Amino acid sequence: MTSSAHRLVLWDIDQTLIDLRGAGRGWYRQVLEEVTGVAMTEMPDFFGRTERAITAEVLTRHGIEPTEELIRKMWAALTAVSELALPELAKRGLALPGAATALAGVAEAGAVQSLVTGNLREVAWHKLSAFGLHTHLDFEIGGYGDLSAYRPDLVAYAVDRAHAALGRPFEPASVIVVGDTPHDIDAARAHGAVAVGVATGRFDSEALREAGAQVVLRDLGDTKLVLSAVFG
């Protein structure tokens, strides 16, 4: 049996821990024009996808070849825009119900916590620090959206980083992925990790169960249910 202290909990950010009410779309609109001089006319689906997938699609939809150099220029601009927006993020959006107490409760129980998110690491820091949700998370071992367009790769990377950094392996049953989209669930299941769905985003509880989540929470408001999902 896996002990409570030997758990790796990997959180999604947007619509799982916070809601920025579409700020990312505005950032992409601004950055596309700044970097390429092209005004945005089409917006891809953002839900559960990685920055690498989103950036490449934004460029392609606007007739621009998504070279690695250009993608990285877009990311540098996104990072700068999110940093400039930092003072206003807490006013624009909100931490979702129970997010702070859930993170604190999992930390108190002794688990290692990090992120598997479509965001860039710097953007993830800006988003979470704006709401004081960064303190219990190890940002060095997370899986971020620059790594791959395929979200399961982010889980594998985070698990490998945690093993390297902490000097002990995390078996699939000791890894818990928490997110609000079927993409989060798919990423967990591809690694053999425990998939915990949170129905605070676009997808309801039924959709998350159909995607294969072992546990589905209405939200993070009941810390006991969160802890049971992580350590049960």
# chains A, B, ... in the order shown; residues from 1 in each chain; ligands from 1
>>> residues_around(residues="Trp125 of chain A", least_positions_apart="6", cutoff="10 Å", atoms="only C-alpha atoms", output="list in words")
Ser82, Glu83, Leu86, Asn119, Leu133, His134, Leu137 and Phe139 of chain A
>>> residues_around(residues="segment 33-48 of chain A", least_positions_apart="2", cutoff="8 Å", atoms="only C-alpha atoms", output="PyMOL selection string")
chain A and resi 25+29-31+50+54+57-58+61-62+73-74+77+118+180-184+202
>>> atom_distance(atom1="atom CA of Ala193 of chain A", atom2="atom CA of Ala173 of chain A")
5.5 Å
>>> closest_residue(among="A:Leu32, A:Leu227, A:Ala190, A:Leu217", to="Phe203 of chain A", atoms="only C-alpha atoms")
A:Leu217
>>> select_by_dssp(residues="segment 142-226 of chain A", states="helix (DSSP H, G or I)", output="number ranges by chain")
A: 152-166, 172-174, 182-191, 205-211, 223-226
>>> closest_residue(among="A:Leu225, A:Leu120, A:Ala156, A:Val9", to="Val194 of chain A", atoms="only C-alpha atoms")
A:Val9
>>> closest_residue(among="A:Leu166, A:Ala102, A:Leu89, A:Ile185", to="Val226 of chain A", atoms="only C-alpha atoms")
A:Ala102
>>> residues_around(residues="segment 108-117 of chain A", least_positions_apart="4", cutoff="10 Å", atoms="only C-alpha atoms", output="MDAnalysis selection string")
chainID A and resid 3:14 48:51 102:104 121 124 134 136:146 151:159 162 166 174:179 184 187:188 227 230:231
>>> closest_residue(among="A:Thr200, A:Thr223, A:Ser205, A:Gln15", to="Gly93 of chain A", atoms="only C-alpha atoms")
A:Gln15
>>> residues_around(residues="Arg21 of chain A", least_positions_apart="3", cutoff="9 Å", atoms="only C-alpha atoms", output="PDB file with all heavy atoms, in the first residue's frame")
ATOM      1  N   GLY A  24      -6.262  34.343 -21.043  1.00  0.00           N
ATOM      2  CA  GLY A  24      -5.298  33.763 -21.970  1.00  0.00           C
ATOM      3  C   GLY A  24      -5.617  34.042 -23.426  1.00  0.00           C
ATOM      4  O   GLY A  24      -4.716  34.249 -24.246  1.00  0.00           O
ATOM      5  N   ARG A  92      -9.259  40.386 -11.842  1.00  0.00           N
ATOM      6  CA  ARG A  92      -9.943  39.891 -13.040  1.00  0.00           C
ATOM      7  C   ARG A  92     -10.590  38.531 -12.802  1.00  0.00           C
ATOM      8  O   ARG A  92     -11.698  38.256 -13.265  1.00  0.00           O
ATOM      9  CB  ARG A  92      -8.946  39.785 -14.186  1.00  0.00           C
ATOM     10  CG  ARG A  92      -9.584  39.236 -15.451  1.00  0.00           C
ATOM     11  CD  ARG A  92      -8.595  38.983 -16.558  1.00  0.00           C
ATOM     12  NE  ARG A  92      -9.291  38.450 -17.711  1.00  0.00           N
ATOM     13  CZ  ARG A  92      -9.436  39.073 -18.873  1.00  0.00           C
ATOM     14  NH1 ARG A  92      -8.921  40.267 -19.035  1.00  0.00           N
ATOM     15  NH2 ARG A  92     -10.091  38.514 -19.857  1.00  0.00           N
ATOM     16  N   GLY A  93      -9.870  37.651 -12.096  1.00  0.00           N
ATOM     17  CA  GLY A  93     -10.340  36.284 -11.909  1.00  0.00           C
ATOM     18  C   GLY A  93     -10.499  35.924 -10.453  1.00  0.00           C
ATOM     19  O   GLY A  93     -10.611  36.791  -9.587  1.00  0.00           O
ATOM     20  N   LEU A  94     -10.472  34.612 -10.185  1.00  0.00           N
ATOM     21  CA  LEU A  94     -10.642  34.155  -8.815  1.00  0.00           C
ATOM     22  C   LEU A  94     -10.008  32.786  -8.632  1.00  0.00           C
ATOM     23  O   LEU A  94      -9.863  32.014  -9.583  1.00  0.00           O
ATOM     24  CB  LEU A  94     -12.117  34.078  -8.445  1.00  0.00           C
ATOM     25  CG  LEU A  94     -12.965  32.969  -9.097  1.00  0.00           C
ATOM     26  CD1 LEU A  94     -14.180  32.682  -8.234  1.00  0.00           C
ATOM     27  CD2 LEU A  94     -13.410  33.369 -10.502  1.00  0.00           C
TER      28      LEU A  94
END
